[in-house]
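This report concerns only the one structure given below.
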Protein chains: 2
Amino acid sequence: MSEKVRLALDAMGGDFGPSVVIPGAEIALSRHRDLEVILIGDEAQIMPLLSANPRVKARSTLIHTDVAIRMDDKPSRALRYGRRVSSMWKVLDEVKFGRADAAVSAGNTGALMAMSAFNLKTMEGIQRPALAALWPTLRGESIVLDMGASIGADAAALVDMAVMGAAMARVVFDLERPTVGLLNIGVEEVKGLEFIREAGGILREIDLPTLDYRGFVEGDDIGKGEVDVVVTEGFTGNIALKTGEGTAKQIGEYLRAAMARTWRSRLGYLLARNAFSTLREKMDPRKSNGAVFLGLNGVVIKSHGGTDPIGFASAIDVGFDMARYDLQSKIRSMIDSYHQTRPEPRTPPLEAAS
Amino acid sequence: MSEKVRLALDAMGGDFGPSVVIPGAEIALSRHRDLEVILIGDEAQIMPLLSANPRVKARSTLIHTDVAIRMDDKPSRALRYGRRVSSMWKVLDEVKFGRADAAVSAGNTGALMAMSAFNLKTMEGIQRPALAALWPTLRGESIVLDMGASIGADAAALVDMAVMGAAMARVVFDLERPTVGLLNIGVEEVKGLEFIREAGGILREIDLPTLDYRGFVEGDDIGKGEVDVVVTEGFTGNIALKTGEGTAKQIGEYLRAAMARTWRSRLGYLLARNAFSTLREKMDPRKSNGAVFLGLNGVVIKSHGGTDPIGFASAIDVGFDMARYDLQSKIRSMIDSYHQTRPEPRTPPLEAAS
């Protein structure tokens, strides 16, 4: 445990670039004594921030580039001007060439997804990467994936996600055999969901020692914390995440308005101030910041683009944990053991057909 | 406006049957002087409840049947034993034969969906029915559809839903030109969403006078009330609804726990009691109870199965509004005007091909 963890930070990512990334790194460095960071971005913007953030100054390397990916560019466009030269591409290079244990960026999600797949490539045996988020629940936290790295899925892709999500749960939650559920809807006799049922069948059949498959869960089971890992196709996952976030904000607004309405409620609010700050902390989206791209040859963490230093520090924390507890090799060995136990593919091999 | 509205109530539907339906009807009848109800279900269970609910006794007709659809039966099974004879089927018959203006059931969703489609049939020009729910937002309420009546959709189905949802918004929110958005995810360059983009193109092109198409919305825009009508395919819609409900419950739990923690917070809670009841009312799922099956030859309202009399009364209210303001003919005329302005189908007609 004495070895250093090295994270490559895209200093230009997010709505605020270095002015959030550098103070965020300062916070994370204060929490992890064996962390070092590689900052990649515009020297002219980064240098002035270092004096105010002494830990970053002391424990970072700076790689200069003046190409930054804009937050609203389409992935294809970002790849055209940002390939090889942008700060986003270069943090991935650090991971690829083994100089960093993970990359963290608050940049444009689509571009980060495209560049990660293009630069790091998909892990052998995995169809496509997935974006896994930490979701606060009544029991603590769960992992929900895919949050939108890929759209559409088949049974094999869902099973891959179950295995990768469980590997992440082992690392993040320190569980021997995390519980896994497939997100589905209550009505059983509906068309179009065969791939989910098929994935459920496979997970039950292979019965991995590293993963406890619990069947289908519905949307309201996520917040209850029914399972440690919730697996769904990316479009639905993204809608679920945003809808949950939207509902939380909405109730926060209701609460604020209700508490400000009369002198009695304002006084009540003052008395219960500590309770409200506990609540605010529980609902604080910054604490769950830092989604993980799973299924690539390397660990990439995506921070919310609009977050502040506290939120960015959480994303760095996630990267730190993934590197420290070796997420990559845990995924690798779980994927391998799944492939060994996996049922025969439905399409017969060539020699059987002839 | 002096004509009576007649609603057929499935007295056996829901987790509690007549013991919720009859008191629920009592509440709704007290609110609507020109409402009459037809109760369908087991006489032996219904009769004893009538003396405690004098408005129901005075303003209802009772049709006896002892076949009730069980809450956990699959639709195919429910159709086998419940066709023609169950209370669920019979409320639909009342609508079909013009004896009721709408049907209300808290029964098994899948069975109600199947029986509605089977008995009432899909409206001419509509591919398939959709389930539309009222969703509380920061601005009031929005309509979200499809909540899971059909799984999967194409562009034409989404456009149909936009038109039907807008017709419902005209009736429920009394708007001349409701705003409509298509639920999508932020990343633009993704595969598999062509049908949503295509639907957006059609809605923009036809530019109906009865519907103001505002483009794509994301999951967190629903709670903000960005648009009056949010359109999505049924699987995603159901997941979004349940996830939103789950998050609301979760925050309610957090709040309860935080307020009970210390004597100061308990005292604060007492002082702010009115504020908390305002909040509780805003978050009360019973007030938004009553989803509407759109696109059938008749109005069918689905109540939550586990609701209480107050919630069931809300579902009756929805049915009352739909009947009173003639949802069916509004949908009919909007669908017709859309079909007249609709762009040429992509497949050329037969004579052009020859």
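For the structure tokens, the naming scheme is as follows: chains receive sequential letters (A, B, ...) according to their order of presentation, residues are indexed from 1 within each chain, and ligands are indexed from 1 in presentation order.
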Near chain A, 6 Å: chain B residue rows, closest pairs, only C-alpha atoms, as JSON lines:
{"residue": "B:Gly110", "atom": "CA", "partner": "A:Val187", "partner_atom": "CA", "distance": 5.9}
{"residue": "B:Val187", "atom": "CA", "partner": "A:Gly110", "partner_atom": "CA", "distance": 5.8}
{"residue": "B:Gly219", "atom": "CA", "partner": "A:Thr243", "partner_atom": "CA", "distance": 4.2}
{"residue": "B:Asp220", "atom": "CA", "partner": "A:Gly246", "partner_atom": "CA", "distance": 4.0}
{"residue": "B:Gly223", "atom": "CA", "partner": "A:Gly246", "partner_atom": "CA", "distance": 5.6}
{"residue": "B:Thr236", "atom": "CA", "partner": "A:Thr236", "partner_atom": "CA", "distance": 5.4}
{"residue": "B:Ile239", "atom": "CA", "partner": "A:Gly219", "partner_atom": "CA", "distance": 4.9}
{"residue": "B:Ala240", "atom": "CA", "partner": "A:Ala240", "partner_atom": "CA", "distance": 5.2}
{"residue": "B:Lys242", "atom": "CA", "partner": "A:Gly219", "partner_atom": "CA", "distance": 4.5}
{"residue": "B:Thr243", "atom": "CA", "partner": "A:Gly219", "partner_atom": "CA", "distance": 4.2}
{"residue": "B:Gly244", "atom": "CA", "partner": "A:Gly244", "partner_atom": "CA", "distance": 5.3}
{"residue": "B:Gly246", "atom": "CA", "partner": "A:Asp220", "partner_atom": "CA", "distance": 4.0}
{"residue": "B:Thr247", "atom": "CA", "partner": "A:Gly223", "partner_atom": "CA", "distance": 5.8}
{"residue": "B:Ala258", "atom": "CA", "partner": "A:Ala275", "partner_atom": "CA", "distance": 4.9}
{"residue": "B:Met259", "atom": "CA", "partner": "A:Ala275", "partner_atom": "CA", "distance": 5.9}
{"residue": "B:Arg264", "atom": "CA", "partner": "A:Leu271", "partner_atom": "CA", "distance": 5.5}
{"residue": "B:Ser265", "atom": "CA", "partner": "A:Ala272", "partner_atom": "CA", "distance": 3.9}
{"residue": "B:Gly268", "atom": "CA", "partner": "A:Gly268", "partner_atom": "CA", "distance": 3.7}
{"residue": "B:Tyr269", "atom": "CA", "partner": "A:Gly268", "partner_atom": "CA", "distance": 6.0}
{"residue": "B:Leu271", "atom": "CA", "partner": "A:Gly268", "partner_atom": "CA", "distance": 4.9}
{"residue": "B:Ala272", "atom": "CA", "partner": "A:Ser265", "partner_atom": "CA", "distance": 3.9}
{"residue": "B:Ala275", "atom": "CA", "partner": "A:Ala258", "partner_atom": "CA", "distance": 4.9}
Mind dumping the selected residues with N, CA and C atoms as a tab-separated table (two decimals), in the first residue's frame?
chain	number	residue	atom	x	y	z
B	110	GLY	N	-51.56	-4.63	-16.40
B	110	GLY	CA	-51.39	-5.40	-17.61
B	110	GLY	C	-52.72	-5.93	-18.13
B	187	VAL	N	-26.44	13.38	-25.13
B	187	VAL	CA	-25.44	13.11	-26.14
B	187	VAL	C	-26.11	13.02	-27.51
B	219	GLY	N	-34.19	14.02	-18.77
B	219	GLY	CA	-34.87	13.52	-17.59
B	219	GLY	C	-35.11	14.57	-16.52
B	220	ASP	N	-34.12	15.45	-16.30
B	220	ASP	CA	-34.30	16.44	-15.24
B	220	ASP	C	-35.19	17.61	-15.64
B	223	GLY	N	-39.25	17.32	-14.08
B	223	GLY	CA	-39.59	17.93	-12.80
B	223	GLY	C	-39.57	19.45	-12.83
B	236	THR	N	-38.99	3.18	-21.24
B	236	THR	CA	-38.27	4.29	-20.62
B	236	THR	C	-39.19	5.13	-19.74
B	239	ILE	N	-39.80	3.39	-16.44
B	239	ILE	CA	-38.61	3.46	-15.58
B	239	ILE	C	-38.48	4.88	-15.00
B	240	ALA	N	-38.69	5.90	-15.84
B	240	ALA	CA	-38.57	7.28	-15.37
B	240	ALA	C	-39.58	7.56	-14.26
B	242	LYS	N	-41.17	5.45	-12.20
B	242	LYS	CA	-40.87	4.72	-10.97
B	242	LYS	C	-39.62	5.29	-10.29
B	243	THR	N	-38.63	5.68	-11.09
B	243	THR	CA	-37.41	6.24	-10.50
B	243	THR	C	-37.72	7.56	-9.80
B	244	GLY	N	-38.54	8.39	-10.45
B	244	GLY	CA	-38.93	9.66	-9.83
B	244	GLY	C	-39.69	9.41	-8.52
B	246	GLY	N	-39.55	6.78	-6.64
B	246	GLY	CA	-38.61	6.21	-5.68
B	246	GLY	C	-37.75	7.28	-5.03
B	247	THR	N	-37.27	8.23	-5.83
B	247	THR	CA	-36.44	9.30	-5.30
B	247	THR	C	-37.24	10.16	-4.32
B	258	ALA	N	-34.04	12.84	9.64
B	258	ALA	CA	-33.29	14.02	10.08
B	258	ALA	C	-34.08	14.79	11.13
B	259	MET	N	-35.40	14.91	10.95
B	259	MET	CA	-36.22	15.71	11.86
B	259	MET	C	-36.41	15.05	13.22
B	264	ARG	N	-33.89	19.54	19.35
B	264	ARG	CA	-33.98	20.81	18.62
B	264	ARG	C	-34.69	20.61	17.28
B	265	SER	N	-34.32	19.53	16.58
B	265	SER	CA	-34.95	19.31	15.28
B	265	SER	C	-36.42	18.94	15.45
B	268	GLY	N	-38.14	22.15	16.12
B	268	GLY	CA	-38.20	22.87	14.84
B	268	GLY	C	-39.30	22.31	13.95
B	269	TYR	N	-39.40	20.99	13.96
B	269	TYR	CA	-40.44	20.34	13.15
B	269	TYR	C	-41.83	20.78	13.60
B	271	LEU	N	-42.69	23.54	15.12
B	271	LEU	CA	-42.93	24.93	14.73
B	271	LEU	C	-43.24	25.05	13.24
B	272	ALA	N	-42.55	24.25	12.44
B	272	ALA	CA	-42.69	24.36	10.99
B	272	ALA	C	-43.73	23.38	10.45
B	275	ALA	N	-45.61	24.15	7.35
B	275	ALA	CA	-44.75	24.10	6.16
B	275	ALA	C	-44.57	22.65	5.72
Chain B onto chain A, all Cα, least squares, as a compact mmCIF listing (two decimals) with C-alpha atoms, in the first residue's frame:
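The resulting file, superposed_21.txt, is reproduced below:
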# COMPACT_ATOMS: atom_id res chain seq x y z
CA MET B 1 0.00 -0.20 -0.20
CA SER B 2 2.95 2.13 -0.06
CA GLU B 3 3.16 2.62 -3.81
CA LYS B 4 2.01 5.94 -5.16
CA VAL B 5 -1.23 6.31 -7.10
CA ARG B 6 -0.81 8.58 -10.11
CA LEU B 7 -3.85 10.22 -11.69
CA ALA B 8 -3.87 12.25 -14.90
CA LEU B 9 -6.20 15.25 -14.60
CA ASP B 10 -7.68 17.06 -17.59
CA ALA B 11 -7.09 20.57 -16.26
CA MET B 12 -9.14 22.15 -19.05
CA GLY B 13 -12.27 20.00 -18.64
CA GLY B 14 -15.60 21.18 -17.28
CA ASP B 15 -17.36 24.51 -17.30
CA PHE B 16 -14.62 26.17 -15.23
CA GLY B 17 -11.39 24.39 -16.24
CA PRO B 18 -8.30 24.89 -14.06
CA SER B 19 -10.11 27.15 -11.56
CA VAL B 20 -12.06 24.09 -10.38
CA VAL B 21 -9.61 21.30 -11.24
CA ILE B 22 -6.62 22.69 -9.32
CA PRO B 23 -8.47 23.48 -6.04
CA GLY B 24 -10.25 20.13 -6.41
CA ALA B 25 -6.89 18.38 -6.68
CA GLU B 26 -5.71 20.28 -3.58
CA ILE B 27 -8.64 18.83 -1.57
CA ALA B 28 -8.09 15.30 -2.88
CA LEU B 29 -4.33 15.45 -2.23
CA SER B 30 -5.02 16.46 1.37
CA ARG B 31 -7.05 13.27 1.77
CA HIS B 32 -4.66 10.84 0.09
CA ARG B 33 -1.02 10.98 1.15
CA ASP B 34 0.11 8.56 -1.54
CA LEU B 35 -1.55 10.39 -4.42
CA GLU B 36 0.30 12.27 -7.17
CA VAL B 37 -1.29 14.07 -10.08
CA ILE B 38 -0.34 14.85 -13.64
CA LEU B 39 -1.95 18.10 -14.77
CA ILE B 40 -2.53 18.52 -18.48
CA GLY B 41 -3.59 21.83 -19.91
CA ASP B 42 -2.68 25.43 -20.55
CA GLU B 43 0.41 26.37 -18.52
CA ALA B 44 -0.52 30.05 -18.58
CA GLN B 45 -3.80 29.33 -16.84
CA ILE B 46 -2.52 26.63 -14.50
CA MET B 47 0.70 28.19 -13.18
CA PRO B 48 -0.91 31.15 -11.37
CA LEU B 49 -3.22 28.74 -9.51
CA LEU B 50 -0.39 26.63 -8.11
CA SER B 51 0.83 29.13 -5.52
CA ALA B 52 -2.60 29.15 -3.86
CA ASN B 53 -2.65 25.35 -3.87
CA PRO B 54 0.64 24.24 -2.35
CA ARG B 55 -0.10 20.50 -2.27
CA VAL B 56 -0.79 20.52 -5.99
CA LYS B 57 2.37 22.52 -6.60
CA ALA B 58 4.44 20.01 -4.60
CA ARG B 59 2.90 16.78 -5.85
CA SER B 60 2.10 17.38 -9.50
CA THR B 61 3.74 17.25 -12.92
CA LEU B 62 2.55 19.68 -15.56
CA ILE B 63 2.19 18.84 -19.24
CA HIS B 64 1.36 21.79 -21.40
CA THR B 65 -1.11 21.87 -24.24
CA ASP B 66 -3.19 24.76 -25.45
CA VAL B 67 -5.84 22.62 -27.15
CA ALA B 68 -8.93 22.17 -25.00
CA ILE B 69 -12.14 20.37 -25.99
CA ARG B 70 -15.14 22.67 -25.90
CA MET B 71 -18.10 21.54 -23.78
CA ASP B 72 -20.65 21.70 -26.57
CA ASP B 73 -18.74 20.19 -29.48
CA LYS B 74 -19.97 17.01 -31.05
CA PRO B 75 -17.70 14.00 -30.47
CA SER B 76 -16.76 13.75 -34.17
CA ARG B 77 -15.73 17.40 -34.23
CA ALA B 78 -13.82 17.09 -30.95
CA LEU B 79 -11.93 14.11 -32.39
CA ARG B 80 -11.00 16.09 -35.49
CA TYR B 81 -9.32 18.97 -33.71
CA GLY B 82 -8.49 17.30 -30.39
CA ARG B 83 -6.94 13.99 -31.36
CA ARG B 84 -3.37 13.58 -30.05
CA VAL B 85 -3.14 17.24 -28.99
CA SER B 86 -5.97 18.09 -26.59
CA SER B 87 -5.72 17.85 -22.81
CA MET B 88 -8.53 15.28 -22.91
CA TRP B 89 -6.69 13.02 -25.32
CA LYS B 90 -3.42 13.44 -23.45
CA VAL B 91 -4.78 12.30 -20.06
CA LEU B 92 -5.85 9.11 -21.83
CA ASP B 93 -2.36 8.77 -23.31
CA GLU B 94 -0.91 8.87 -19.79
CA VAL B 95 -3.09 5.89 -18.86
CA LYS B 96 -2.41 4.08 -22.12
CA PHE B 97 1.36 4.30 -21.76
CA GLY B 98 1.29 3.32 -18.09
CA ARG B 99 2.38 6.69 -16.73
CA ALA B 100 -0.93 7.19 -14.87
CA ASP B 101 -3.21 4.69 -13.10
CA ALA B 102 -6.38 6.50 -14.13
CA ALA B 103 -7.58 9.62 -15.96
CA VAL B 104 -10.09 12.14 -14.61
CA SER B 105 -11.95 14.67 -16.79
CA ALA B 106 -14.92 16.97 -16.26
CA GLY B 107 -15.04 17.58 -20.02
CA ASN B 108 -17.72 17.02 -22.63
CA THR B 109 -19.17 13.53 -21.98
CA GLY B 110 -19.68 12.54 -25.59
CA ALA B 111 -16.17 13.57 -26.57
CA LEU B 112 -14.63 11.80 -23.56
CA MET B 113 -16.58 8.66 -24.42
CA ALA B 114 -15.46 8.75 -28.04
CA MET B 115 -11.83 9.55 -27.27
CA SER B 116 -11.64 6.89 -24.56
CA ALA B 117 -12.97 4.21 -26.88
CA PHE B 118 -10.71 5.43 -29.69
CA ASN B 119 -7.53 5.85 -27.69
CA LEU B 120 -7.71 3.15 -25.00
CA LYS B 121 -9.82 0.65 -26.96
CA THR B 122 -12.38 -1.72 -25.51
CA MET B 123 -11.13 -4.48 -23.21
CA GLU B 124 -10.81 -7.88 -24.86
CA GLY B 125 -14.02 -9.87 -24.45
CA ILE B 126 -16.17 -6.77 -23.87
CA GLN B 127 -18.48 -5.53 -26.61
CA ARG B 128 -18.55 -1.90 -25.58
CA PRO B 129 -17.82 0.39 -22.65
CA ALA B 130 -20.40 1.41 -20.05
CA LEU B 131 -20.63 4.43 -17.78
CA ALA B 132 -21.22 3.49 -14.13
CA ALA B 133 -22.46 6.02 -11.56
CA LEU B 134 -22.71 5.93 -7.78
CA TRP B 135 -26.35 6.41 -6.75
CA PRO B 136 -27.22 7.43 -3.15
CA THR B 137 -29.83 5.08 -1.65
CA LEU B 138 -31.63 4.55 1.65
CA ARG B 139 -29.04 1.88 2.50
CA GLY B 140 -25.97 3.82 1.37
CA GLU B 141 -24.94 3.76 -2.27
CA SER B 142 -25.46 1.57 -5.29
CA ILE B 143 -23.76 1.40 -8.67
CA VAL B 144 -26.00 2.01 -11.68
CA LEU B 145 -24.82 1.35 -15.24
CA ASP B 146 -24.95 2.14 -18.16
CA MET B 147 -25.66 5.86 -17.78
CA GLY B 148 -25.41 6.45 -21.52
CA ALA B 149 -22.02 5.35 -22.87
CA SER B 150 -23.85 3.13 -25.39
CA ILE B 151 -27.41 3.20 -26.64
CA GLY B 152 -29.18 -0.12 -27.04
CA ALA B 153 -27.94 -3.43 -25.69
CA ASP B 154 -28.35 -7.16 -26.13
CA ALA B 155 -28.27 -9.91 -23.52
CA ALA B 156 -24.50 -10.38 -23.74
CA ALA B 157 -23.89 -6.64 -23.24
CA LEU B 158 -26.11 -6.64 -20.12
CA VAL B 159 -24.25 -9.64 -18.70
CA ASP B 160 -20.90 -7.92 -19.37
CA MET B 161 -22.21 -4.88 -17.53
CA ALA B 162 -23.37 -7.01 -14.60
CA VAL B 163 -19.90 -8.51 -14.32
CA MET B 164 -18.10 -5.15 -14.63
CA GLY B 165 -20.50 -3.41 -12.23
CA ALA B 166 -19.99 -6.17 -9.68
CA ALA B 167 -16.21 -5.83 -10.01
CA MET B 168 -16.58 -2.11 -9.31
CA ALA B 169 -18.85 -2.82 -6.31
CA ARG B 170 -16.19 -5.15 -4.91
CA VAL B 171 -13.67 -2.35 -5.14
CA VAL B 172 -15.83 0.57 -4.00
CA PHE B 173 -18.03 -1.10 -1.39
CA ASP B 174 -15.54 -3.81 -0.36
CA LEU B 175 -18.05 -6.63 -0.82
CA GLU B 176 -17.24 -10.28 -1.46
CA ARG B 177 -20.33 -10.98 -3.55
CA PRO B 178 -22.29 -7.86 -4.50
CA THR B 179 -25.98 -8.26 -5.33
CA VAL B 180 -26.98 -7.43 -8.90
CA GLY B 181 -30.39 -6.66 -10.44
CA LEU B 182 -31.57 -5.98 -13.99
CA LEU B 183 -33.75 -2.89 -14.38
CA ASN B 184 -37.12 -3.84 -15.84
CA ILE B 185 -40.76 -2.86 -15.67
CA GLY B 186 -43.46 -4.59 -13.69
CA VAL B 187 -45.49 -5.89 -16.53
CA GLU B 188 -44.22 -9.32 -17.46
CA GLU B 189 -45.94 -10.08 -20.70
CA VAL B 190 -44.59 -7.36 -22.86
CA LYS B 191 -42.71 -7.50 -26.09
CA GLY B 192 -39.30 -6.11 -26.73
CA LEU B 193 -37.67 -7.10 -23.49
CA GLU B 194 -36.48 -10.54 -24.50
CA PHE B 195 -32.87 -9.41 -24.19
CA ILE B 196 -33.37 -8.51 -20.52
CA ARG B 197 -35.02 -11.84 -19.76
CA GLU B 198 -32.29 -13.65 -21.65
CA ALA B 199 -29.58 -11.81 -19.69
CA GLY B 200 -31.37 -12.81 -16.47
CA GLY B 201 -31.36 -16.43 -17.59
CA ILE B 202 -27.63 -16.35 -18.32
CA LEU B 203 -26.78 -14.70 -14.99
CA ARG B 204 -28.82 -17.27 -13.12
CA GLU B 205 -27.28 -20.14 -15.05
CA ILE B 206 -23.63 -19.17 -14.73
CA ASP B 207 -24.08 -18.33 -11.02
CA LEU B 208 -20.70 -16.62 -10.60
CA PRO B 209 -19.03 -16.82 -7.17
CA THR B 210 -18.28 -13.09 -7.39
CA LEU B 211 -21.82 -11.88 -8.10
CA ASP B 212 -25.19 -12.59 -6.50
CA TYR B 213 -27.86 -12.17 -9.17
CA ARG B 214 -31.19 -11.16 -7.61
CA GLY B 215 -33.47 -10.89 -10.66
CA PHE B 216 -35.36 -7.86 -11.95
CA VAL B 217 -35.67 -4.56 -10.11
CA GLU B 218 -37.98 -1.64 -10.91
CA GLY B 219 -37.24 2.08 -11.00
CA ASP B 220 -38.28 2.66 -7.41
CA ASP B 221 -36.00 -0.13 -6.17
CA ILE B 222 -32.90 1.89 -7.09
CA GLY B 223 -33.44 4.47 -4.33
CA LYS B 224 -34.33 1.75 -1.84
CA GLY B 225 -30.92 0.19 -2.38
CA GLU B 226 -32.46 -3.21 -3.16
CA VAL B 227 -29.26 -4.33 -4.89
CA ASP B 228 -25.65 -3.14 -4.97
CA VAL B 229 -25.53 -3.01 -8.76
CA VAL B 230 -28.38 -2.03 -11.10
CA VAL B 231 -27.86 -2.90 -14.77
CA THR B 232 -29.70 -1.26 -17.65
CA GLU B 233 -29.25 -0.22 -21.26
CA GLY B 234 -27.70 3.26 -21.65
CA PHE B 235 -30.63 5.30 -22.93
CA THR B 236 -32.91 4.20 -20.10
CA GLY B 237 -30.11 4.52 -17.55
CA ASN B 238 -29.44 8.11 -18.53
CA ILE B 239 -33.14 9.01 -18.38
CA ALA B 240 -33.45 7.33 -14.95
CA LEU B 241 -30.42 9.19 -13.59
CA LYS B 242 -31.56 12.58 -14.82
CA THR B 243 -35.14 11.99 -13.68
CA GLY B 244 -33.93 11.02 -10.20
CA GLU B 245 -31.69 14.11 -10.03
CA GLY B 246 -34.54 16.29 -11.26
CA THR B 247 -36.94 14.95 -8.64
CA ALA B 248 -34.39 15.54 -5.87
CA LYS B 249 -33.89 19.16 -6.98
CA GLN B 250 -37.63 19.65 -7.24
CA ILE B 251 -38.24 18.48 -3.67
CA GLY B 252 -35.36 20.64 -2.47
CA GLU B 253 -37.16 23.62 -4.04
CA TYR B 254 -40.48 22.67 -2.42
CA LEU B 255 -38.76 22.39 0.94
CA ARG B 256 -37.02 25.76 0.62
CA ALA B 257 -40.27 27.47 -0.36
CA ALA B 258 -42.25 25.79 2.44
CA MET B 259 -39.68 26.74 5.11
CA ALA B 260 -39.57 30.39 4.04
CA ARG B 261 -43.33 30.86 4.09
CA THR B 262 -44.16 31.98 7.65
CA TRP B 263 -42.22 33.22 10.70
CA ARG B 264 -43.06 29.97 12.51
CA SER B 265 -41.59 27.87 9.72
CA ARG B 266 -38.53 30.12 9.53
CA LEU B 267 -38.01 29.76 13.28
CA GLY B 268 -38.55 26.01 12.99
CA TYR B 269 -35.96 25.94 10.24
CA LEU B 270 -33.44 27.73 12.44
CA LEU B 271 -33.97 25.27 15.28
CA ALA B 272 -33.71 22.27 12.97
CA ARG B 273 -30.75 23.76 11.11
CA ASN B 274 -28.46 20.83 11.85
CA ALA B 275 -31.07 18.36 10.68
CA PHE B 276 -31.38 20.31 7.45
CA SER B 277 -27.66 20.31 6.89
CA THR B 278 -27.57 16.53 7.41
CA LEU B 279 -30.30 16.27 4.81
CA ARG B 280 -28.51 18.63 2.45
CA GLU B 281 -25.37 16.56 2.77
CA LYS B 282 -27.27 13.36 2.01
CA MET B 283 -28.74 14.97 -1.08
CA ASP B 284 -25.50 16.65 -2.16
CA PRO B 285 -24.83 15.56 -5.73
CA ARG B 286 -21.17 16.58 -5.34
CA LYS B 287 -20.59 13.66 -3.00
CA SER B 288 -21.63 11.15 -5.64
CA ASN B 289 -19.67 12.87 -8.40
CA GLY B 290 -17.39 10.72 -10.50
CA ALA B 291 -18.80 8.16 -12.91
CA VAL B 292 -16.53 5.42 -14.22
CA PHE B 293 -16.10 4.21 -17.80
CA LEU B 294 -15.93 0.44 -17.51
CA GLY B 295 -14.71 -1.96 -20.15
CA LEU B 296 -11.78 0.03 -21.55
CA ASN B 297 -8.09 -0.77 -21.36
CA GLY B 298 -7.65 1.73 -18.57
CA VAL B 299 -9.67 3.56 -15.94
CA VAL B 300 -11.38 6.81 -16.96
CA ILE B 301 -13.43 8.89 -14.52
CA LYS B 302 -16.01 11.39 -15.76
CA SER B 303 -16.80 14.28 -13.43
CA HIS B 304 -19.90 16.46 -13.83
CA GLY B 305 -18.99 19.42 -16.01
CA GLY B 306 -20.60 22.00 -13.75
CA THR B 307 -19.17 20.82 -10.46
CA ASP B 308 -17.07 22.80 -7.97
CA PRO B 309 -13.75 21.88 -6.30
CA ILE B 310 -15.49 19.69 -3.69
CA GLY B 311 -17.27 17.76 -6.41
CA PHE B 312 -14.15 17.42 -8.53
CA ALA B 313 -12.28 16.12 -5.48
CA SER B 314 -14.96 13.39 -5.17
CA ALA B 315 -14.28 12.36 -8.76
CA ILE B 316 -10.55 12.19 -7.98
CA ASP B 317 -11.40 10.04 -4.92
CA VAL B 318 -13.23 7.60 -7.16
CA GLY B 319 -10.21 7.42 -9.48
CA PHE B 320 -7.94 6.91 -6.49
CA ASP B 321 -10.03 3.98 -5.19
CA MET B 322 -10.23 2.37 -8.61
CA ALA B 323 -6.46 2.55 -9.02
CA ARG B 324 -5.56 1.66 -5.43
CA TYR B 325 -7.75 -1.46 -5.37
CA ASP B 326 -6.98 -2.38 -8.94
CA LEU B 327 -10.38 -2.27 -10.58
CA GLN B 328 -8.90 -3.19 -13.97
CA SER B 329 -7.52 -6.57 -12.96
CA LYS B 330 -10.63 -7.37 -10.91
CA ILE B 331 -12.79 -6.76 -14.00
CA ARG B 332 -10.33 -8.73 -16.13
CA SER B 333 -10.43 -11.79 -13.89
CA MET B 334 -14.22 -11.65 -13.43
CA ILE B 335 -14.74 -11.35 -17.17
CA ASP B 336 -12.39 -14.27 -17.77
CA SER B 337 -14.10 -16.50 -15.23
CA TYR B 338 -17.46 -15.58 -16.75
CA HIS B 339 -16.24 -16.44 -20.23
CA GLN B 340 -15.07 -19.83 -18.96
CA THR B 341 -18.46 -20.65 -17.40
CA ARG B 342 -20.52 -19.01 -20.11
CA PRO B 343 -23.06 -21.26 -21.81
CA GLU B 344 -22.32 -22.33 -25.40
CA PRO B 345 -23.20 -19.62 -27.91
CA ARG B 346 -26.47 -20.23 -29.70
CA THR B 347 -24.86 -20.14 -33.11
CA PRO B 348 -23.06 -23.48 -33.56
CA PRO B 349 -19.30 -23.36 -34.25
CA LEU B 350 -18.12 -23.86 -37.82
CA GLU B 351 -16.98 -27.51 -37.56
CA ALA B 352 -20.37 -28.54 -36.18
CA ALA B 353 -22.08 -26.89 -39.08
CA SER B 354 -20.08 -28.64 -41.76
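Note that DSSP on the backbone gives helix (DSSP H, G or I) to these residues of range 170-238 of chain B: Arg170, Val171, Val172, Phe173, Glu194, Phe195, Ile196, Arg197, Glu198, Ala199, Gly200, Gly201, Ile202, Leu203, Arg204, Glu205, Ile206, Gly219, Asp220, Asp221, Ile222, Gly223, Lys224, Gly234, Phe235, Thr236, Gly237 and Asn238 of chain B.
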Query - Backbone-only DSSP, strand (DSSP E) members of range 193-328 of chain A, as a PyMOL selection string - result: chain A and resi 212-217+229-231+291-294+299-302
